[in-house]
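Please read the structure below before turning to the comments.
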Amino acid sequence: SQKIEQNSEALNIQEGKTATLTCNYTNYSPAYLQWYRQDPGRGPVFLLLIRENEKEKRKERLKVTFDTTLKQSLFHITASQPADSATYLCALLNAGNMLTFGGGTRLMVKP
Amino acid sequence: KAGVTQTPRYLIKTRGQQVTLSCSPISGHRSVSWYQQTPGQGLQFLFEYFSETQRNKGNFPGRFSGRQFSNSRSEMNVSTLELGDSALYLCASVLTGGSLYNEQFFGPGTRLTVL
């Protein structure tokens, strides 16, 4: 069966450091992978989309990599700030044309 | 441009009742998807509507249904509520063209509590 796995344990890092979050998938051949941010009590907010032929994509302090051989995407936040504290979700379009989300990883950036 | 709006924001119902939730997408967006989010199961796809037609459906029982109107506004209905239906229900719209590969714009959600 198709699975998307994100580290369910919270990631705690110090302000100014780089946060790296992982998204692993099985039994998918995705053409695209998306990353979203979700704050408590709010809907997810789209951050980045990366295509299978794009190994890396950047947007300001964010960087996403996509390794279709490893079936993994890494999401990096450089120079992290307390305001970056949130849950980060990755999402793939599955064979049934449904957008499927990973369980999300909660990031806590301490000042 | 106004974002996705959902009403009501909070709802308390009892088992066996039914509920209707409403979603107004961003102007010009014709695709609306619904998701259920719970602490245990995460964010799960319910269904997607495009131009008043259901295009995709997730793995939920028939008690969950939806519809879309000609102005792209959408409603979802849950009948015979169960305790396990307590969740945050999120609606998302996609820019015209309606591909789910595109950025999903989410609303704030409706928090449903079933007692």
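Residues are referred to by chain and number: the chain letter is A, B, ... according to the order shown in the structure tokens, the number counts from 1 in that chain, and ligands are numbered separately from 1 in the order shown.
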For chain B, list the residues within 8 Å of chain A, counting only C-alpha atoms, and write the list as an mmCIF file with C-alpha atoms, in the first residue's frame.
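The new file out.cif reads:
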data_model
loop_
_atom_site.group_PDB
_atom_site.id
_atom_site.type_symbol
_atom_site.label_atom_id
_atom_site.label_comp_id
_atom_site.auth_asym_id
_atom_site.auth_seq_id
_atom_site.Cartn_x
_atom_site.Cartn_y
_atom_site.Cartn_z
ATOM 1 C CA GLN B 41 -5.265 9.721 11.543
ATOM 2 C CA GLY B 42 -3.866 13.066 10.458
ATOM 3 C CA LEU B 43 -5.204 14.824 7.399
ATOM 4 C CA GLN B 44 -7.366 12.523 5.269
ATOM 5 C CA PHE B 45 -8.939 13.256 1.917
ATOM 6 C CA ASN B 56 -12.522 11.991 -6.513
ATOM 7 C CA LYS B 57 -13.592 10.342 -3.309
ATOM 8 C CA GLY B 58 -11.584 9.125 -0.367
ATOM 9 C CA LEU B 90 -10.902 21.473 6.247
ATOM 10 C CA LEU B 100 -4.537 18.737 -7.455
ATOM 11 C CA TYR B 101 -0.879 19.114 -8.360
ATOM 12 C CA GLU B 103 -1.244 24.696 -4.566
ATOM 13 C CA GLN B 104 -4.173 23.992 -2.275
ATOM 14 C CA PHE B 105 -5.564 27.025 -0.452
ATOM 15 C CA PHE B 106 -7.039 25.874 2.824
ATOM 16 C CA GLY B 107 -9.756 27.472 4.889
ATOM 17 C CA PRO B 108 -9.576 27.787 8.686
ATOM 18 C CA GLY B 109 -11.642 24.643 9.176
#
Open item on the list: To test your reading of the structure, identify every residue in region 68-98 of chain B that backbone DSSP assigns to strand (DSSP E or B), and report it as a PyMOL selection string.
Closed with: chain B and resi 68+74-78+87-94
Write out, as a compact mmCIF listing (two decimals), in the first residue's frame, the residues just selected, with N, CA and C atoms.
# COMPACT_ATOMS: atom_id res chain seq x y z
N GLN B 68 -21.49 20.54 -4.76
CA GLN B 68 -20.95 21.84 -5.13
C GLN B 68 -21.99 22.57 -5.96
N SER B 74 -19.30 24.98 -1.77
CA SER B 74 -19.50 23.55 -1.54
C SER B 74 -20.01 23.31 -0.13
N GLU B 75 -20.75 22.25 0.02
CA GLU B 75 -21.21 21.80 1.32
C GLU B 75 -20.84 20.34 1.49
N MET B 76 -20.57 19.96 2.72
CA MET B 76 -20.44 18.56 3.02
C MET B 76 -21.41 18.22 4.15
N ASN B 77 -21.93 17.03 4.09
CA ASN B 77 -22.92 16.58 5.06
C ASN B 77 -22.44 15.27 5.69
N VAL B 78 -22.63 15.18 6.99
CA VAL B 78 -22.37 13.92 7.67
C VAL B 78 -23.65 13.52 8.38
N ALA B 87 -13.68 16.01 14.72
CA ALA B 87 -12.48 16.31 13.95
C ALA B 87 -12.51 17.76 13.50
N LEU B 88 -11.39 18.17 12.92
CA LEU B 88 -11.33 19.45 12.21
C LEU B 88 -11.58 19.14 10.73
N TYR B 89 -12.60 19.75 10.16
CA TYR B 89 -12.92 19.53 8.75
C TYR B 89 -12.42 20.73 7.95
N LEU B 90 -11.55 20.43 7.03
CA LEU B 90 -10.90 21.47 6.25
C LEU B 90 -11.36 21.42 4.80
N CYS B 91 -11.50 22.58 4.25
CA CYS B 91 -11.86 22.72 2.85
C CYS B 91 -10.68 23.41 2.17
N ALA B 92 -10.40 23.02 0.94
CA ALA B 92 -9.31 23.65 0.19
C ALA B 92 -9.76 23.90 -1.24
N SER B 93 -9.32 25.00 -1.79
CA SER B 93 -9.66 25.28 -3.19
C SER B 93 -8.39 25.39 -4.01
N VAL B 94 -8.54 25.14 -5.28
CA VAL B 94 -7.42 25.16 -6.21
C VAL B 94 -7.75 26.09 -7.36
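The residue that comes closest to Thr80 (chain B), out of B:Phe64, B:Tyr10, B:Tyr35, B:Phe47 and on the basis of only C-alpha atoms, is B:Phe64.
Note that CA of Thr113 (chain B) and CA of Glu9 (chain A) are 26.3 Å apart.
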Open item on the list: Excluding Glu60 (chain A) and its own-chain neighbours fewer than 6 positions away, which residues fall within 12 Å of it when counting only C-alpha atoms? Please give them as a PyMOL selection string.
Closed with: chain A and resi 47-48+76-80
